[in-house]
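Peer 1: Have a look at this one.
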Amino acid sequence: MKCWEMAGMKLGSEEPPAAPEASNSEPPLKEKVYATWYRLRYGWQFHSSVEIGGSPIWLLGVCYHAEDPTESKKRTGEGVPPHVVAFMEHYHSLTWMTYRTKFEPIPGTPLTTDCGWGCMVRSGQMLLATALQFHLLGRDWRLTGSSRADQALHRTILRWFADTPTGRCPFSLHSLMEQAQAQGHHPGDWFGPSQVATLVRGCVEQAKREYEALQSLLVYVAHDCTVYAGDVEQLYRDNPEQALVVLVPVRLGSESLNPIYIPCVKSLMTLDYCVGIIGGKPKHSVYFVGFQDNQLLHLDPHYCQSVVDMTPNSFDIKSYHCRTPRKLLAERMDPSCTIGFYCRNLEEFQRLQEQAKPLLAPPLQKGVYPFFTFSDQHLVDVLRDSAGIRFGTLTNSHSDSTDGEDFVVVDCRTTLAKDESCV
């Protein structure tokens, strides 16, 4: 269902009510209603404070906590404990992608806003922006106190995500929708976290042809909750110093999150390599970046803002950074999500395997249903073996008779070639 075809929803739902009918200009009128509804629905949240207790706060592999029991009572000039100040500077430095309105129409559609359908795509943009920030500015970069050169580079990264159809913005909503259309999806559809992972990979692969700064960046999307290390190492065959973004789509339950995976989610976000999770709660995508106690910290893309003109060198970046951390009880997390990791080279990927493997088995299980797995094999070999089992000739080793059932051997090369194209 396209967003301009959406029916009205009940007040209090995640979707906006239907706009009044208007001839000739129906999509723009509806989009104004959507934009207004999302500003009212979520705007107050970003101007209200969230309680940050004294327990440790984890944010993308960094732990913020009082160094001694008395530090939580210490205050800066503004009355805030030092470790909370450091956490807020880190959180504020993350790129915040939200619904936008009044941008140029997405080619082939009348859409000038992504209100009501683009939240998962925006969450994917945030994860990619974090990975690019790690790649080009470093894990320790903070917006406050950064050098003029780093500020200029930060603006360059933001320009790559500008909501415009020009080719100078390889990770814009328009570029991601171009990838979606190539994969048989349509702007205005709702996207899942695994779909967004493939859109991100496609945009990065295309951008590498045009941007020198991105030529050393690889993106790998796991298959069936498995990271095939053989395939990853093959990506490194020409240059082991290339950086890598690993995206792992998973489903951690059927209709709701299986609580046995909550310790895994939290543990994985303590790794230096983690760049967050594309996920959310049912029908409401957010970008998870950390946790405190049993609450997940996130950036919420649902606040609708006007498009920003990024052509001036000193364009305003305030709307791309959020000062109000949001929290969600871990139990409310949707089971479908994509977790991301950034590795600066092959050696870091190997260290990621070593550090992540002990964290993938739920504590209450014996490794039967891990969060995801690492395999030393190649995906194509696994598919070939699977195809051989399904279609190969079976023999009865317990009988010498020749009147057993015959099985047809099917040529699986076409099927494998199709599957390999997704690796």
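Chain labels A, B, ... are given in the sequence in which chains occur in the structure tokens; within each chain residues are numbered consecutively from 1, and ligands are likewise numbered from 1 in the order shown.
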Got a sec: who's within 9 Å of Tyr342 in chain A, counting only C-alpha atoms, leaving out chain neighbours fewer than 2 positions off, as a PyMOL selection string?
Peer 2: chain A and resi 131+134-135+243-246+272-275+340+344+348-349
Peer 1: Please identify the alpha helix (DSSP H) residues within range 164-293 of chain A (assignment by DSSP from backbone atoms) and present them as a CSV table (one decimal) with C-alpha atoms, in the first residue's frame.
Peer 2:
chain,number,residue,atom,x,y,z
A,173,LEU,CA,16.1,8.6,0.5
A,174,HIS,CA,15.9,9.0,-3.3
A,175,SER,CA,19.0,6.8,-3.9
A,176,LEU,CA,17.7,4.1,-1.5
A,177,MET,CA,14.3,4.1,-3.3
A,178,GLU,CA,16.1,3.8,-6.6
A,179,GLN,CA,17.7,0.6,-5.2
A,180,ALA,CA,14.3,-0.5,-3.9
A,181,GLN,CA,12.8,-0.1,-7.3
A,182,ALA,CA,15.6,-2.1,-8.8
A,193,PRO,CA,15.1,-4.5,8.4
A,194,SER,CA,16.5,-7.2,6.1
A,195,GLN,CA,15.3,-5.3,3.0
A,196,VAL,CA,17.0,-2.1,4.3
A,197,ALA,CA,20.2,-4.0,4.7
A,198,THR,CA,20.2,-4.9,1.0
A,199,LEU,CA,19.4,-1.3,0.1
A,200,VAL,CA,22.3,0.0,2.1
A,201,ARG,CA,24.7,-2.6,0.5
A,202,GLY,CA,23.5,-1.6,-3.0
A,203,CYS,CA,23.9,2.1,-2.4
A,204,VAL,CA,27.4,1.7,-1.0
A,205,GLU,CA,28.5,-0.5,-3.9
A,206,GLN,CA,27.3,2.1,-6.3
A,207,ALA,CA,28.9,5.0,-4.4
A,229,ALA,CA,33.6,-16.0,7.1
A,230,GLY,CA,34.9,-17.7,3.9
A,231,ASP,CA,32.9,-15.2,1.9
A,232,VAL,CA,34.1,-12.3,4.0
A,233,GLU,CA,37.7,-13.3,3.6
A,234,GLN,CA,37.2,-13.6,-0.1
A,235,LEU,CA,36.1,-9.9,-0.1
A,262,ILE,CA,17.7,-9.9,25.5
A,263,PRO,CA,21.1,-10.6,27.2
A,264,CYS,CA,22.5,-11.3,23.7
A,265,VAL,CA,21.2,-8.0,22.4
A,266,LYS,CA,22.7,-6.1,25.3
A,267,SER,CA,26.0,-8.0,25.2
A,268,LEU,CA,26.6,-7.4,21.5
Peer 1: Report the residues of range 27-252 of chain A whose backbone DSSP state falls under strand (DSSP E or B), written as a short mmCIF file (atom, residue, chain, number, x, y, z; two decimals) with N, CA and C atoms, in the first residue's frame.
Peer 2:
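Now in states-v1.cif:
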data_model
loop_
_atom_site.label_atom_id
_atom_site.label_comp_id
_atom_site.auth_asym_id
_atom_site.auth_seq_id
_atom_site.Cartn_x
_atom_site.Cartn_y
_atom_site.Cartn_z
N ILE A 57 25.75 3.21 31.66
CA ILE A 57 25.10 3.43 30.37
C ILE A 57 26.04 2.95 29.28
N TRP A 58 25.55 2.08 28.43
CA TRP A 58 26.34 1.60 27.30
C TRP A 58 25.86 2.26 26.02
N LEU A 59 26.81 2.80 25.25
CA LEU A 59 26.48 3.44 23.98
C LEU A 59 27.52 3.05 22.94
N VAL A 62 30.82 1.82 24.30
CA VAL A 62 31.45 2.65 25.33
C VAL A 62 30.57 2.64 26.57
N CYS A 63 31.18 2.43 27.72
CA CYS A 63 30.44 2.40 28.99
C CYS A 63 30.66 3.70 29.74
N TYR A 64 29.58 4.33 30.12
CA TYR A 64 29.63 5.56 30.91
C TYR A 64 29.09 5.25 32.30
N ARG A 100 11.21 13.62 6.71
CA ARG A 100 11.37 14.96 6.15
C ARG A 100 10.20 15.25 5.22
N THR A 101 9.95 16.51 5.03
CA THR A 101 8.88 16.93 4.14
C THR A 101 9.38 18.05 3.24
N THR A 113 7.38 13.55 0.85
CA THR A 113 7.65 13.26 2.25
C THR A 113 7.66 11.75 2.43
N LEU A 217 35.65 0.70 1.44
CA LEU A 217 34.59 0.26 2.34
C LEU A 217 33.79 -0.89 1.72
N LEU A 218 33.70 -1.99 2.45
CA LEU A 218 32.95 -3.16 2.01
C LEU A 218 31.68 -3.29 2.85
N VAL A 219 30.64 -3.87 2.27
CA VAL A 219 29.42 -4.17 3.01
C VAL A 219 29.06 -5.63 2.77
N TYR A 220 28.86 -6.36 3.86
CA TYR A 220 28.49 -7.77 3.78
C TYR A 220 27.16 -7.96 4.51
N VAL A 221 26.20 -8.61 3.84
CA VAL A 221 24.91 -8.91 4.46
C VAL A 221 24.83 -10.41 4.70
N HIS A 223 23.49 -14.21 5.49
CA HIS A 223 22.44 -15.01 4.85
C HIS A 223 21.89 -16.01 5.86
N THR A 226 23.48 -16.25 9.28
CA THR A 226 24.83 -16.82 9.29
C THR A 226 25.80 -15.88 8.59
N VAL A 227 26.91 -15.58 9.26
CA VAL A 227 28.00 -14.82 8.65
C VAL A 227 29.01 -15.84 8.13
N TYR A 228 29.13 -15.94 6.82
CA TYR A 228 30.05 -16.91 6.21
C TYR A 228 31.43 -16.26 6.11
N ALA A 243 37.97 -1.57 5.03
CA ALA A 243 37.00 -1.56 6.14
C ALA A 243 35.76 -2.35 5.73
N LEU A 244 35.05 -2.84 6.73
CA LEU A 244 33.91 -3.72 6.45
C LEU A 244 32.74 -3.38 7.37
N VAL A 245 31.55 -3.26 6.78
CA VAL A 245 30.31 -3.16 7.53
C VAL A 245 29.59 -4.50 7.40
N VAL A 246 29.35 -5.16 8.52
CA VAL A 246 28.66 -6.44 8.55
C VAL A 246 27.23 -6.20 9.01
N LEU A 247 26.26 -6.59 8.21
CA LEU A 247 24.84 -6.44 8.55
C LEU A 247 24.23 -7.83 8.70
N VAL A 248 23.62 -8.09 9.85
CA VAL A 248 23.09 -9.41 10.13
C VAL A 248 21.59 -9.32 10.42
N PRO A 249 20.73 -9.58 9.43
CA PRO A 249 19.29 -9.61 9.69
C PRO A 249 18.93 -10.87 10.48
N VAL A 250 18.14 -10.71 11.53
CA VAL A 250 17.74 -11.84 12.38
C VAL A 250 16.27 -11.69 12.75
N ARG A 251 15.71 -12.79 13.23
CA ARG A 251 14.37 -12.76 13.82
C ARG A 251 14.45 -13.50 15.15
#
Peer 1: Could you work out how far CA of Thr164 in chain A lies from CA of Phe103 in chain A, giving the answer in Å with one decimal?
Peer 2: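 Distance reported for this atom pair: 6.7 Å.
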Peer 1: Nearest residue to Val382 in chain A out of A:Ser319, A:Asp224, A:Leu132, A:Gln215, using only C-alpha atoms?
Peer 2: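 Using only C-alpha atoms, the shortest distance to Val382 in chain A belongs to A:Asp224.
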Peer 1: Find the spatial neighbours of Glu331 in chain A, counting only C-alpha atoms, within a cut-off of 9 Å - ignore same-chain residues fewer than 4 positions away - and output them as a PDB file with N, CA and C atoms, in the first residue's frame.
Peer 2:
ATOM      1  N   SER A 256       6.495 -12.016  18.940  1.00  0.00           N
ATOM      2  CA  SER A 256       7.121 -11.054  19.839  1.00  0.00           C
ATOM      3  C   SER A 256       8.532 -11.531  20.168  1.00  0.00           C
ATOM      4  N   LEU A 257       9.312 -10.639  20.771  1.00  0.00           N
ATOM      5  CA  LEU A 257      10.699 -10.961  21.100  1.00  0.00           C
ATOM      6  C   LEU A 257      10.756 -12.071  22.140  1.00  0.00           C
ATOM      7  N   ASN A 258      11.537 -13.099  21.855  1.00  0.00           N
ATOM      8  CA  ASN A 258      11.779 -14.144  22.841  1.00  0.00           C
ATOM      9  C   ASN A 258      12.742 -13.575  23.889  1.00  0.00           C
ATOM     10  N   PRO A 259      12.330 -13.477  25.140  1.00  0.00           N
ATOM     11  CA  PRO A 259      13.165 -12.793  26.148  1.00  0.00           C
ATOM     12  C   PRO A 259      14.526 -13.433  26.384  1.00  0.00           C
ATOM     13  N   ILE A 262      17.380 -11.208  25.043  1.00  0.00           N
ATOM     14  CA  ILE A 262      17.680  -9.872  25.547  1.00  0.00           C
ATOM     15  C   ILE A 262      19.124  -9.754  26.040  1.00  0.00           C
ATOM     16  N   ASN A 294      17.515  -2.442  31.873  1.00  0.00           N
ATOM     17  CA  ASN A 294      16.720  -3.242  30.934  1.00  0.00           C
ATOM     18  C   ASN A 294      16.020  -2.377  29.896  1.00  0.00           C
ATOM     19  N   GLN A 295      16.563  -1.191  29.660  1.00  0.00           N
ATOM     20  CA  GLN A 295      15.968  -0.298  28.672  1.00  0.00           C
ATOM     21  C   GLN A 295      16.962  -0.027  27.549  1.00  0.00           C
TER      22      GLN A 295
END
Peer 1: May I ask which of the residues A:Ser375, A:Ser285, A:Gln365, A:Ser336 is the closest one to Asp300 in chain A, counting only C-alpha atoms?
Peer 2: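 Using only C-alpha atoms, Asp300 in chain A sits closest to A:Ser285.
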Peer 1: Using only C-alpha atoms, which residue out of A:Gln305, A:Thr311, A:Thr270, A:Thr109 lies closest to Asp189 in chain A?
Peer 2: A:Thr109
Peer 1: Could you list, as number ranges by chain, every residue within 8 Å of Arg159 in chain A, counting only C-alpha atoms and ignoring same-chain residues fewer than 6 positions away?
Peer 2: A: 168-169, 310
